[in-house]
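Visitor: For reference, the file run30.txt (compact mmCIF, C-alpha atoms and all ligand atoms) is included below:
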```txt
# COMPACT_ATOMS: atom_id res chain seq x y z
CA MET A 1 91.19 76.15 120.75
CA THR A 2 93.55 79.12 120.68
CA ASN A 3 96.61 79.20 118.44
CA LEU A 4 98.76 78.74 121.54
CA ASP A 5 96.83 75.66 122.69
CA ALA A 6 97.02 74.21 119.18
CA VAL A 7 100.79 74.35 118.93
CA ILE A 8 101.28 73.01 122.48
CA LYS A 9 98.88 70.14 121.75
CA GLY A 10 100.61 69.47 118.45
CA PHE A 11 104.00 69.33 120.14
CA ALA A 12 102.73 67.01 122.88
CA ALA A 13 101.01 64.68 120.43
CA HIS A 14 104.11 64.52 118.26
CA TYR A 15 106.94 64.36 120.78
CA GLY A 16 105.13 62.86 123.79
CA SER A 17 105.76 65.63 126.34
CA ASP A 18 104.96 69.28 126.93
CA PRO A 19 107.26 71.88 125.32
CA GLN A 20 109.55 74.09 127.40
CA GLY A 21 108.15 77.16 125.70
CA VAL A 22 106.33 78.64 122.71
CA TRP A 23 107.55 81.48 120.50
CA GLN A 24 105.79 83.39 117.74
CA ALA A 25 107.07 85.41 114.79
CA PRO A 26 104.71 87.23 112.39
CA GLY A 27 104.52 87.55 108.64
CA ARG A 28 104.70 91.05 107.21
CA VAL A 29 103.39 93.34 104.55
CA ASN A 30 105.55 96.09 103.26
CA VAL A 31 103.60 99.35 103.17
CA ILE A 32 106.15 100.80 100.74
CA GLY A 33 109.82 100.33 99.78
CA GLU A 34 110.19 97.40 97.40
CA HIS A 35 113.59 96.01 96.34
CA THR A 36 115.23 98.90 98.20
CA ASP A 37 116.68 96.67 100.93
CA TYR A 38 119.55 95.27 98.86
CA ASN A 39 120.21 98.80 97.59
CA ASP A 40 120.97 99.95 101.17
CA GLY A 41 117.78 102.02 101.13
CA PHE A 42 114.53 102.54 103.02
CA MET A 43 111.48 100.39 103.69
CA LEU A 44 108.31 100.67 105.77
CA PRO A 45 106.91 97.24 106.72
CA ILE A 46 104.30 96.26 109.29
CA ALA A 47 104.02 92.89 111.01
CA ILE A 48 100.65 91.20 110.44
CA PRO A 49 98.53 89.19 112.89
CA GLN A 50 99.26 85.99 110.94
CA ALA A 51 102.31 84.31 112.46
CA ALA A 52 104.43 81.19 112.73
CA ARG A 53 104.47 79.64 116.18
CA VAL A 54 107.05 77.15 117.38
CA ALA A 55 106.77 74.99 120.47
CA ALA A 56 110.22 73.93 121.54
CA THR A 57 112.26 71.93 124.01
CA ARG A 58 116.03 72.13 124.22
CA ARG A 59 118.02 68.92 123.70
CA ASP A 60 121.57 68.54 124.85
CA ASP A 61 122.41 65.53 122.66
CA GLY A 62 122.91 67.63 119.50
CA VAL A 63 119.80 66.27 117.76
CA LEU A 64 117.48 68.72 115.98
CA ARG A 65 113.99 67.43 115.23
CA LEU A 66 111.63 69.52 113.08
CA HIS A 67 107.95 69.01 112.35
CA SER A 68 105.34 71.32 110.80
CA ALA A 69 101.56 71.06 111.23
CA GLN A 70 100.99 72.42 107.73
CA SER A 71 100.14 69.87 105.11
CA PRO A 72 102.12 69.78 101.84
CA GLN A 73 99.05 71.14 99.98
CA ASN A 74 99.07 74.23 102.16
CA THR A 75 102.78 74.87 102.06
CA GLY A 76 103.31 74.53 98.33
CA THR A 77 101.72 76.95 95.89
CA GLN A 78 99.06 76.17 93.35
CA ASN A 79 97.43 77.82 90.35
CA THR A 80 98.40 77.78 86.72
CA GLY A 81 101.68 79.26 85.57
CA THR A 82 103.17 78.65 88.99
CA GLN A 83 105.79 76.56 90.64
CA ASN A 84 105.86 74.68 93.88
CA THR A 85 108.15 76.54 96.25
CA GLY A 86 109.67 73.40 97.61
CA THR A 87 107.91 72.11 100.71
CA GLN A 88 108.49 68.41 100.78
CA GLY A 89 105.84 66.85 102.94
CA THR A 90 105.62 67.18 106.68
CA GLU A 91 107.58 64.16 107.81
CA THR A 92 109.77 64.90 110.81
CA ALA A 93 113.28 65.94 109.84
CA GLU A 94 115.94 64.65 112.22
CA LEU A 95 119.36 66.27 111.94
CA ARG A 96 122.56 66.54 113.95
CA VAL A 97 123.50 70.14 114.57
CA THR A 98 127.25 69.48 114.19
CA GLU A 99 126.63 68.14 110.70
CA LEU A 100 124.69 71.15 109.40
CA SER A 101 126.29 72.84 106.41
CA PRO A 102 124.92 75.18 103.72
CA ARG A 103 122.67 73.72 101.02
CA THR A 104 122.60 70.24 102.59
CA VAL A 105 119.04 70.33 103.95
CA GLY A 106 116.39 70.53 101.21
CA GLY A 107 112.72 71.53 101.44
CA TRP A 108 111.11 73.47 104.25
CA ALA A 109 113.41 72.10 106.98
CA GLY A 110 116.27 74.14 105.52
CA TYR A 111 114.77 77.37 106.91
CA PRO A 112 114.73 76.37 110.60
CA ALA A 113 117.89 74.26 110.34
CA GLY A 114 119.61 77.21 108.68
CA VAL A 115 119.00 79.38 111.74
CA VAL A 116 120.69 76.82 114.01
CA TRP A 117 123.59 76.67 111.54
CA ALA A 118 123.84 80.49 111.44
CA LEU A 119 124.01 80.63 115.25
CA LEU A 120 126.77 78.00 115.35
CA ASP A 121 128.63 79.65 112.50
CA ALA A 122 128.57 82.94 114.44
CA GLY A 123 130.23 81.16 117.36
CA HIS A 124 127.23 80.68 119.64
CA GLN A 125 127.34 77.48 121.72
CA VAL A 126 123.97 75.95 120.83
CA GLY A 127 122.82 72.34 120.66
CA GLY A 128 119.70 70.56 119.51
CA ALA A 129 115.98 70.95 120.10
CA ASP A 130 112.62 69.41 119.38
CA LEU A 131 110.61 71.95 117.37
CA PHE A 132 106.97 71.81 116.32
CA PHE A 133 105.68 74.53 113.96
CA ASP A 134 102.18 75.79 113.30
CA SER A 135 101.74 78.83 111.08
CA ASP A 136 98.84 80.74 109.60
CA VAL A 137 100.99 82.91 107.32
CA PRO A 138 99.98 82.03 103.74
CA VAL A 139 102.94 80.27 102.13
CA GLY A 140 104.53 81.81 99.06
CA GLY A 141 102.00 84.67 99.14
CA GLY A 142 104.56 87.44 99.47
CA LEU A 143 103.75 87.74 103.19
CA SER A 144 107.00 86.19 104.30
CA SER A 145 106.10 82.82 105.74
CA SER A 146 109.77 81.83 105.46
CA ALA A 147 111.06 84.70 107.61
CA ALA A 148 108.31 83.99 110.16
CA LEU A 149 109.56 80.42 110.46
CA GLU A 150 113.20 81.52 110.75
CA CYS A 151 112.57 84.27 113.29
CA ALA A 152 110.43 81.98 115.46
CA VAL A 153 113.41 79.59 115.67
CA ALA A 154 115.90 82.41 116.29
CA PHE A 155 113.83 83.79 119.19
CA ALA A 156 113.28 80.30 120.64
CA TYR A 157 117.02 79.50 120.55
CA ASN A 158 117.86 82.90 122.02
CA ASP A 159 115.86 81.99 125.13
CA LEU A 160 116.52 78.23 125.27
CA TYR A 161 120.29 78.80 125.08
CA ARG A 162 120.31 82.17 126.92
CA LEU A 163 122.14 83.94 124.11
CA GLY A 164 121.06 87.48 124.99
CA LEU A 165 120.89 88.59 121.34
CA THR A 166 118.79 91.61 120.30
CA PRO A 167 115.85 91.35 117.86
CA THR A 168 118.01 93.08 115.23
CA GLU A 169 120.87 90.59 115.72
CA LEU A 170 118.41 87.69 115.51
CA ALA A 171 116.98 89.13 112.27
CA LEU A 172 120.47 89.30 110.74
CA LEU A 173 121.16 85.67 111.70
CA ALA A 174 117.82 84.61 110.21
CA GLN A 175 118.66 86.44 106.98
CA ARG A 176 122.04 84.70 106.86
CA ALA A 177 120.25 81.36 107.28
CA GLU A 178 118.10 82.09 104.22
CA ASN A 179 120.95 83.60 102.14
CA VAL A 180 123.68 81.08 102.84
CA PHE A 181 122.08 77.90 104.18
CA VAL A 182 118.93 77.81 102.02
CA GLY A 183 120.50 79.79 99.17
CA VAL A 184 117.90 82.54 98.66
CA PRO A 185 119.57 85.95 98.14
CA CYS A 186 116.92 87.99 100.02
CA GLY A 187 117.57 91.35 101.68
CA ILE A 188 116.95 92.11 105.37
CA LEU A 189 113.36 93.40 105.01
CA ASP A 190 111.41 90.25 105.92
CA GLN A 191 113.42 89.16 108.94
CA LEU A 192 113.72 92.69 110.33
CA ALA A 193 109.97 93.24 110.05
CA SER A 194 109.17 89.92 111.72
CA SER A 195 111.65 90.54 114.56
CA CYS A 196 111.40 94.27 115.21
CA CYS A 197 107.92 95.57 114.34
CA ALA A 198 105.60 96.85 117.06
CA GLU A 199 101.83 96.77 117.41
CA GLY A 200 100.09 99.84 115.99
CA ALA A 201 103.17 100.99 114.09
CA ALA A 202 105.07 100.62 110.87
CA LEU A 203 108.84 100.21 111.05
CA PHE A 204 110.84 102.79 109.14
CA VAL A 205 114.03 100.98 108.15
CA ASP A 206 117.24 102.54 106.92
CA VAL A 207 119.37 99.58 105.91
CA ARG A 208 122.55 101.54 106.70
CA ALA A 209 121.35 102.12 110.26
CA ILE A 210 119.19 99.22 111.35
CA ASP A 211 120.06 99.35 115.05
CA PRO A 212 117.63 101.63 116.91
CA PRO A 213 120.49 103.42 118.74
CA GLN A 214 121.65 104.71 115.37
CA GLY A 215 118.51 106.76 115.30
CA ARG A 216 117.22 106.25 111.78
CA THR A 217 115.32 102.98 112.11
CA ARG A 218 112.22 103.65 114.22
CA GLN A 219 108.56 102.91 114.87
CA VAL A 220 106.13 105.16 112.99
CA PRO A 221 102.59 105.29 114.44
CA LEU A 222 99.99 103.73 112.13
CA ASP A 223 96.63 103.61 113.87
CA LEU A 224 94.34 102.58 111.04
CA ALA A 225 91.29 101.83 113.18
CA THR A 226 91.11 105.28 114.81
CA ALA A 227 91.40 106.87 111.37
CA GLY A 228 88.50 104.71 110.10
CA LEU A 229 90.75 102.97 107.59
CA VAL A 230 91.42 99.37 106.66
CA LEU A 231 94.51 97.90 105.04
CA LEU A 232 93.27 95.09 102.85
CA VAL A 233 95.59 92.31 101.74
CA ILE A 234 94.44 90.60 98.56
CA ASP A 235 96.46 87.44 97.95
CA THR A 236 96.30 86.48 94.28
CA GLU A 237 97.63 83.01 95.26
CA VAL A 238 99.72 83.11 92.11
CA LYS A 239 103.48 82.72 91.96
CA HIS A 240 105.06 82.83 88.54
CA ALA A 241 107.86 80.41 87.86
CA HIS A 242 110.58 82.84 86.77
CA ALA A 243 110.59 84.77 90.06
CA ASP A 244 113.98 83.61 91.39
CA GLY A 245 116.02 84.29 88.26
CA ALA A 246 114.28 87.62 87.74
CA TYR A 247 115.09 88.71 91.30
CA ALA A 248 118.77 87.90 90.83
CA ARG A 249 118.81 89.78 87.52
CA ARG A 250 117.25 92.92 89.05
CA ARG A 251 119.74 92.76 91.89
CA GLU A 252 122.70 92.48 89.52
CA GLY A 253 121.34 95.35 87.42
CA CYS A 254 121.14 97.60 90.48
CA GLU A 255 124.72 96.72 91.45
CA GLN A 256 125.90 97.42 87.90
CA ALA A 257 124.16 100.79 87.83
CA ALA A 258 125.67 101.77 91.19
CA ALA A 259 129.14 100.77 89.94
CA LEU A 260 128.72 102.83 86.75
CA LEU A 261 127.61 105.80 88.84
CA GLY A 262 130.56 105.36 91.20
CA VAL A 263 128.48 104.98 94.37
CA PRO A 264 128.42 102.08 96.89
CA ALA A 265 124.67 101.55 96.33
CA LEU A 266 121.75 103.21 94.52
CA ARG A 267 120.64 104.57 97.89
CA ASP A 268 123.43 107.12 97.49
CA ILE A 269 121.64 108.80 94.57
CA GLY A 270 119.25 111.42 95.94
CA ARG A 271 115.90 112.14 94.27
CA GLU A 272 117.22 115.58 93.22
CA ASP A 273 120.22 113.94 91.49
CA LEU A 274 118.17 111.36 89.59
CA ASP A 275 118.05 113.05 86.18
CA ALA A 276 121.79 113.69 86.16
CA ALA A 277 122.44 110.09 87.21
CA LEU A 278 120.14 108.66 84.51
CA ALA A 279 121.96 110.67 81.86
CA ARG A 280 125.18 108.89 82.83
CA LEU A 281 123.69 105.41 82.37
CA PRO A 282 123.14 103.56 79.09
CA GLU A 283 119.57 103.81 77.83
CA GLY A 284 117.30 100.92 78.76
CA GLU A 285 117.11 98.55 81.69
CA LEU A 286 119.72 100.10 83.98
CA ARG A 287 118.04 103.49 83.78
CA ALA A 288 114.63 102.01 84.56
CA LEU A 289 115.94 99.99 87.52
CA THR A 290 117.70 103.06 88.90
CA ARG A 291 114.61 105.22 88.48
CA HIS A 292 112.52 102.75 90.48
CA ILE A 293 114.97 102.47 93.37
CA VAL A 294 115.64 106.20 93.69
CA THR A 295 111.97 107.21 93.44
CA GLU A 296 110.95 104.35 95.75
CA ASP A 297 113.39 105.47 98.49
CA ASP A 298 111.89 108.93 98.10
CA ARG A 299 108.34 107.55 98.38
CA VAL A 300 109.25 105.73 101.60
CA GLU A 301 110.49 108.98 103.12
CA ARG A 302 107.39 110.87 101.94
CA VAL A 303 105.00 108.20 103.25
CA THR A 304 106.83 108.22 106.58
CA ALA A 305 106.58 112.00 106.81
CA LEU A 306 102.83 111.85 106.09
CA LEU A 307 102.31 109.21 108.79
CA ASP A 308 104.36 111.29 111.24
CA ALA A 309 102.02 114.18 110.45
CA GLY A 310 98.95 111.99 111.01
CA ASP A 311 97.85 112.20 107.35
CA LEU A 312 97.09 108.51 106.80
CA ARG A 313 94.82 109.11 103.80
CA GLY A 314 97.54 111.16 102.14
CA ILE A 315 99.72 108.08 101.56
CA GLY A 316 97.22 106.48 99.16
CA PRO A 317 98.44 108.10 95.92
CA LEU A 318 102.07 107.27 96.81
CA LEU A 319 101.17 103.59 97.16
CA THR A 320 99.58 103.57 93.71
CA GLU A 321 102.54 105.49 92.26
CA GLY A 322 104.84 102.86 93.79
CA HIS A 323 102.92 100.13 91.99
CA ALA A 324 103.26 101.91 88.66
CA SER A 325 107.00 102.14 89.25
CA MET A 326 107.23 98.39 89.93
CA ARG A 327 105.09 97.66 86.87
CA ASP A 328 106.73 100.01 84.36
CA ASP A 329 110.32 100.49 85.58
CA PHE A 330 111.26 97.50 87.71
CA VAL A 331 108.98 95.17 85.69
CA ILE A 332 108.16 92.83 88.56
CA SER A 333 104.38 92.92 88.57
CA CYS A 334 102.19 90.55 86.58
CA ALA A 335 98.72 90.48 85.03
CA GLU A 336 97.08 89.32 88.27
CA THR A 337 98.62 91.94 90.57
CA ASP A 338 98.12 94.70 87.97
CA LEU A 339 94.43 93.85 87.61
CA ALA A 340 93.96 93.63 91.40
CA VAL A 341 95.58 97.05 91.93
CA ALA A 342 93.73 98.77 89.06
CA THR A 343 90.38 97.32 90.14
CA ALA A 344 90.89 98.24 93.79
CA VAL A 345 91.68 101.85 92.86
CA GLU A 346 88.71 102.05 90.48
CA ALA A 347 86.46 100.67 93.22
CA GLY A 348 87.46 103.49 95.54
CA ALA A 349 90.66 102.42 97.33
CA LEU A 350 92.75 105.41 98.43
CA GLY A 351 95.78 103.61 97.05
CA ALA A 352 96.97 100.11 96.19
CA ARG A 353 100.18 98.32 95.29
CA MET A 354 101.73 94.92 95.01
CA THR A 355 103.66 94.04 98.17
CA GLY A 356 106.66 91.71 98.30
CA GLY A 357 109.19 90.65 95.74
CA GLY A 358 106.85 90.41 92.76
CA PHE A 359 105.63 88.08 89.99
CA GLY A 360 102.47 87.29 91.94
CA GLY A 361 101.74 87.18 95.63
CA SER A 362 99.66 89.81 97.37
CA ILE A 363 98.57 93.39 96.88
CA ILE A 364 97.64 95.83 99.62
CA ALA A 365 94.86 98.39 99.32
CA LEU A 366 94.24 101.26 101.73
CA VAL A 367 90.48 101.74 101.96
CA GLU A 368 87.86 103.57 104.00
CA ARG A 369 86.36 101.08 106.46
CA GLU A 370 82.94 101.22 104.76
CA ASP A 371 84.49 100.53 101.33
CA ALA A 372 86.43 97.40 102.31
CA ASP A 373 83.86 94.82 101.21
CA ARG A 374 83.08 96.67 97.99
CA VAL A 375 86.75 96.82 97.00
CA ALA A 376 87.35 93.14 97.81
CA ASP A 377 84.21 92.14 95.89
CA ALA A 378 85.23 94.22 92.87
CA VAL A 379 88.62 92.50 92.69
CA ALA A 380 86.99 89.08 93.08
CA ALA A 381 84.56 89.91 90.24
CA ALA A 382 87.39 91.09 88.00
CA PHE A 383 89.27 87.82 88.62
CA ALA A 384 86.12 85.79 87.93
CA ALA A 385 85.66 87.63 84.62
CA GLN A 386 89.17 86.48 83.61
CA GLY A 387 88.41 82.92 84.68
CA TRP A 388 91.06 83.16 87.42
CA LYS A 389 90.93 81.50 90.80
CA PRO A 390 89.28 83.80 93.39
CA PRO A 391 91.84 85.85 95.35
CA ARG A 392 91.82 85.75 99.15
CA ALA A 393 91.13 89.11 100.80
CA PHE A 394 91.59 89.94 104.47
CA ALA A 395 92.21 93.04 106.56
CA VAL A 396 95.40 93.43 108.56
CA THR A 397 96.35 95.70 111.44
CA PRO A 398 99.97 96.43 112.42
CA ALA A 399 100.84 93.62 114.85
CA ALA A 400 103.67 92.99 117.30
CA GLY A 401 107.00 91.51 116.24
CA ALA A 402 108.38 88.16 117.39
CA ALA A 403 108.07 87.26 121.06
CA ARG A 404 107.78 84.42 123.55
CA LEU A 405 104.16 83.35 124.09
CA ALA A 406 104.52 80.80 126.89
P1 LIG B 1 107.06 83.55 101.43
O1 LIG B 1 106.76 84.77 100.63
O2 LIG B 1 105.82 82.97 102.01
O3 LIG B 1 108.15 83.76 102.42
P2 LIG B 1 109.02 81.77 100.33
O4 LIG B 1 109.10 81.04 99.05
O5 LIG B 1 110.11 82.70 100.71
O6 LIG B 1 107.60 82.49 100.36
O7 LIG B 1 108.92 80.72 101.52
C1 LIG B 1 107.97 79.68 101.47
C2 LIG B 1 108.60 78.40 101.99
O8 LIG B 1 108.76 78.47 103.43
C3 LIG B 1 107.71 77.17 101.80
O9 LIG B 1 107.88 76.62 100.51
C4 LIG B 1 108.22 76.25 102.89
O10 LIG B 1 109.42 75.62 102.49
C5 LIG B 1 108.54 77.22 104.01
N1 LIG B 1 107.42 77.34 104.96
C6 LIG B 1 106.74 78.47 105.28
N2 LIG B 1 105.79 78.23 106.21
C7 LIG B 1 105.87 76.91 106.50
C8 LIG B 1 105.15 76.04 107.40
N3 LIG B 1 104.17 76.48 108.17
N4 LIG B 1 105.53 74.73 107.42
C9 LIG B 1 106.52 74.28 106.64
N5 LIG B 1 107.21 75.05 105.79
C10 LIG B 1 106.90 76.35 105.70
MG MG B 2 110.14 84.31 102.00
```
Could you render the structure from this file as structure tokens?

Guide:
Amino acid sequence: MTNLDAVIKGFAAHYGSDPQGVWQAPGRVNVIGEHTDYNDGFMLPIAIPQAARVAATRRDDGVLRLHSAQSPQNTGTQNTGTQNTGTQGTETAELRVTELSPRTVGGWAGYPAGVVWALLDAGHQVGGADLFFDSDVPVGGGLSSSAALECAVAFAYNDLYRLGLTPTELALLAQRAENVFVGVPCGILDQLASSCCAEGAALFVDVRAIDPPQGRTRQVPLDLATAGLVLLVIDTEVKHAHADGAYARRREGCEQAAALLGVPALRDIGREDLDAALARLPEGELRALTRHIVTEDDRVERVTALLDAGDLRGIGPLLTEGHASMRDDFVISCAETDLAVATAVEAGALGARMTGGGFGGSIIALVEREDADRVADAVAAAFAAQGWKPPRAFAVTPAAGAARLA
């Protein structure tokens, strides 16, 4: 059974009729550019073949019904030193769209309900729907299962209610759903990647110019297969409990540093001005945070230039340098991601880094096709030697962004 058949069947079995349509929105990995989004900077994500699908039928009685095929075991996170990210079972949530307000819907249903709220709050005349979700994006693995869910709903509503919004506008609404309705202060990276990426390309994002007409945000060709390369994702399946507070603290630190430097955001400090800027900051954390953001923006631009020039192998060392910056300056890696990155590089990866917000989740490794198994096996062996749960390794190719499937 194809993924499309599965979600249509699931909808029919659950709601007793065929859906009006099916929409899909992918997860993402960020090739480079971590924590730069809320500093108004640059990122370079790709969409991955793993995606959330939603089968949907519009309802004009204002009722919103939500059901997910994923079991609670699959949508929480496991492992020691971890927390459950809040999926509360898969019972059908039934809500009235006029009663939606921020922070009132707990658990996983808050993500899709938040998108409907964000549309209404922006003045769009939308009503209810029956929604059935089926997703193969690993949950809580740093691959953005939450944005996939949100963007699938945003694209479905855009068609069901003929809103005529662009992928970029839908991404911004999905981000607002997560920020305000769910209460997670994420940047725009995840939703923009899920909505706007194209097959065979990475998306260069300049947060100050995210609309394609503004010229800066654009598709950058990334044809791994023709180059004989593989981008491995190695999901440590670990999520450390302090992630949320640590994210907020990093974000505040960046804002503080920008204020002390008298700029709107750290993006406004160029690589060539870094040393002078650091000298104006107090020694310690603010300097380290600033160094990561400024060098990371620079790495995104250098990686993009290498891809434009067709030098795919050349980006490897910049990926590994980016990991060191997250480990030593931004201090968001952890023992599991550090070991996975170090082992992958020792085993012959061209470059490797943690991807996503940090404190666990996945790493990516750029490898020659013939080295892929060896690198994955080396990381698995290193985890086994520590007595850790085996990580999950799989190859990804740059996939298409969100779209209607049926
Ligand atoms: P990620 O890095 O995967 O986006 P988050 O913590 O941001 O991690 O989002 C994970 C949350 O998204 C889950 O705890 C759950 O509430 C929700 N979620 C994601 N995928 C699904 C799904 N298929 N079914 C139900 N809830 C999901
Ligand atoms: Mg998320």

Visitor: Restricting the calculation to all atoms listed in the file: of A:Arg96, A:His35, A:Arg28, A:Arg291, which residue gets closest to Ser144 in chain A?

Guide: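 Selected residue with least distance to Ser144 in chain A: A:Arg28.
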
Visitor: So that I can check the surroundings of range 234-237 of chain A, please list as an MDAnalysis selection string every protein, DNA and RNA residue that reaches within 8 Å of it, counting only C-alpha atoms and ignoring chain neighbours fewer than 5 positions away.

Guide: chainID A and resid 77:79 140:141 336:337 340 360:365 376 390:394

Visitor: Counting all atoms listed in the file, figure out which residue out of A:Val263, A:Ile269, A:Ile332, A:Ile210 gets nearest to Thr166 in chain A.

Guide: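 Among A:Val263, A:Ile269, A:Ile332, A:Ile210, it is A:Ile210 that comes nearest to Thr166 in chain A.
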
Visitor: Please check which protein, DNA or RNA residues sit within 7 Å of ligand LIG 1 (chain B), counting all atoms listed in the file, and write them as a JSON list (two decimals) with C-alpha atoms, in the frame of the given file.

Guide:
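File result-v3.json, as written:
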```json
[["chain", "number", "residue", "atom", "x", "y", "z"],
["A", 52, "ALA", "CA", 104.43, 81.19, 112.73],
["A", 68, "SER", "CA", 105.34, 71.32, 110.80],
["A", 69, "ALA", "CA", 101.56, 71.06, 111.23],
["A", 70, "GLN", "CA", 100.99, 72.42, 107.73],
["A", 75, "THR", "CA", 102.78, 74.87, 102.06],
["A", 76, "GLY", "CA", 103.31, 74.53, 98.33],
["A", 85, "THR", "CA", 108.15, 76.54, 96.25],
["A", 86, "GLY", "CA", 109.67, 73.40, 97.61],
["A", 87, "THR", "CA", 107.91, 72.11, 100.71],
["A", 107, "GLY", "CA", 112.72, 71.53, 101.44],
["A", 108, "TRP", "CA", 111.11, 73.47, 104.25],
["A", 109, "ALA", "CA", 113.41, 72.10, 106.98],
["A", 111, "TYR", "CA", 114.77, 77.37, 106.91],
["A", 133, "PHE", "CA", 105.68, 74.53, 113.96],
["A", 134, "ASP", "CA", 102.18, 75.79, 113.30],
["A", 135, "SER", "CA", 101.74, 78.83, 111.08],
["A", 136, "ASP", "CA", 98.84, 80.74, 109.60],
["A", 137, "VAL", "CA", 100.99, 82.91, 107.32],
["A", 138, "PRO", "CA", 99.98, 82.03, 103.74],
["A", 139, "VAL", "CA", 102.94, 80.27, 102.13],
["A", 140, "GLY", "CA", 104.53, 81.81, 99.06],
["A", 141, "GLY", "CA", 102.00, 84.67, 99.14],
["A", 142, "GLY", "CA", 104.56, 87.44, 99.47],
["A", 143, "LEU", "CA", 103.75, 87.74, 103.19],
["A", 144, "SER", "CA", 107.00, 86.19, 104.30],
["A", 145, "SER", "CA", 106.10, 82.82, 105.74],
["A", 146, "SER", "CA", 109.77, 81.83, 105.46],
["A", 147, "ALA", "CA", 111.06, 84.70, 107.61],
["A", 149, "LEU", "CA", 109.56, 80.42, 110.46]]
```

Visitor: Enumerate, as JSON, numbers by chain, the protein, DNA and RNA residues whose atoms approach (87.1, 103.8, 93.1) to within 10 Å, taking into account all atoms listed in the file and the coordinate frame of the file.

Guide: {"A": [342, 343, 344, 345, 346, 347, 348, 349, 350, 351, 367, 371, 374, 375, 378]}

Visitor: How would the residues just chosen look if you wrote them out with C-alpha atoms as a tab-separated table (two decimals), keeping the file's coordinate frame?

Guide:
```
chain	number	residue	atom	x	y	z
A	342	ALA	CA	93.73	98.77	89.06
A	343	THR	CA	90.38	97.32	90.14
A	344	ALA	CA	90.89	98.24	93.79
A	345	VAL	CA	91.68	101.85	92.86
A	346	GLU	CA	88.71	102.05	90.48
A	347	ALA	CA	86.46	100.67	93.22
A	348	GLY	CA	87.46	103.49	95.54
A	349	ALA	CA	90.66	102.42	97.33
A	350	LEU	CA	92.75	105.41	98.43
A	351	GLY	CA	95.78	103.61	97.05
A	367	VAL	CA	90.48	101.74	101.96
A	371	ASP	CA	84.49	100.53	101.33
A	374	ARG	CA	83.08	96.67	97.99
A	375	VAL	CA	86.75	96.82	97.00
A	378	ALA	CA	85.23	94.22	92.87
```

Visitor: Considering all atoms listed in the file, state which residue in the set A:Val238, A:Leu222, A:Ala258, A:Ala384 is at the smallest distance from Arg313 in chain A.

Guide: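 Looking at the shortest contact to Arg313 in chain A, the residue is A:Leu222.
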
Visitor: If we count all atoms listed in the file, what is near range 8-24 of chain A at a cut-off of 7 Å, once residues fewer than 3 positions away on the same chain are taken out, given as a list of chain:residue names?

Guide: A:Leu4, A:Asp5, A:Ala51, A:Ala52, A:Arg53, A:Val54, A:Ala55, A:Ala56, A:Thr57, A:Phe132, A:Ala152, A:Phe155, A:Ala156, A:Ala402, A:Ala403, A:Arg404, A:Leu405, A:Ala406

Visitor: Rounded to one decimal in Å, what is the spacing between CA of Ala399 in chain A and CA of Ala201 in chain A?

Guide: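 For CA of Ala399 in chain A relative to CA of Ala201 in chain A, the distance reads 7.8 Å.
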
Visitor: Figure out the distance between CA of Val341 in chain A and CA of Gln386 in chain A, please, to one decimal in Å.

Guide: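 Value for the CA of Gln386 in chain A-CA of Val341 in chain A distance: 14.9 Å.
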
Visitor: Smallest atom-to-atom distance to ligand MG 2 (chain B): which of A:Leu319, A:Ile293, A:Val182, A:Ala227, using all atoms listed in the file?

Guide: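 Comparing A:Leu319, A:Ile293, A:Val182, A:Ala227 against ligand MG 2 (chain B), the winner is A:Val182.
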
Visitor: Residues within 12 Å of Val184 in chain A, please, as an mmCIF file with C-alpha atoms, keeping the file's coordinate frame. Count all atoms listed in the file; anything in the same chain fewer than 3 positions from it doesn't count.

Guide:
```cif
data_model
loop_
_atom_site.group_PDB
_atom_site.id
_atom_site.type_symbol
_atom_site.label_atom_id
_atom_site.label_comp_id
_atom_site.auth_asym_id
_atom_site.auth_seq_id
_atom_site.Cartn_x
_atom_site.Cartn_y
_atom_site.Cartn_z
ATOM 1 C CA THR A 85 108.150 76.540 96.250
ATOM 2 C CA PRO A 102 124.920 75.180 103.720
ATOM 3 C CA ARG A 103 122.670 73.720 101.020
ATOM 4 C CA GLY A 110 116.270 74.140 105.520
ATOM 5 C CA TYR A 111 114.770 77.370 106.910
ATOM 6 C CA GLY A 114 119.610 77.210 108.680
ATOM 7 C CA SER A 146 109.770 81.830 105.460
ATOM 8 C CA ALA A 147 111.060 84.700 107.610
ATOM 9 C CA ALA A 174 117.820 84.610 110.210
ATOM 10 C CA GLN A 175 118.660 86.440 106.980
ATOM 11 C CA ARG A 176 122.040 84.700 106.860
ATOM 12 C CA ALA A 177 120.250 81.360 107.280
ATOM 13 C CA GLU A 178 118.100 82.090 104.220
ATOM 14 C CA ASN A 179 120.950 83.600 102.140
ATOM 15 C CA VAL A 180 123.680 81.080 102.840
ATOM 16 C CA PHE A 181 122.080 77.900 104.180
ATOM 17 C CA GLY A 187 117.570 91.350 101.680
ATOM 18 C CA ILE A 188 116.950 92.110 105.370
ATOM 19 C CA ALA A 243 110.590 84.770 90.060
ATOM 20 C CA ASP A 244 113.980 83.610 91.390
ATOM 21 C CA GLY A 245 116.020 84.290 88.260
ATOM 22 C CA TYR A 247 115.090 88.710 91.300
ATOM 23 C CA ALA A 248 118.770 87.900 90.830
#
```

Visitor: What does the distance between CA of Val207 in chain A and CA of Val31 in chain A come to in Å, to one decimal place?

Guide: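 These two atoms are separated by 16.0 Å.
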
Visitor: Between A:Asp190, A:Asp159, A:Asp61, A:Glu252, single out the one closest to Thr355 in chain A, counting only C-alpha atoms.

Guide: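 Of A:Asp190, A:Asp159, A:Asp61, A:Glu252, the one nearest Thr355 in chain A, counting only C-alpha atoms, is A:Asp190.
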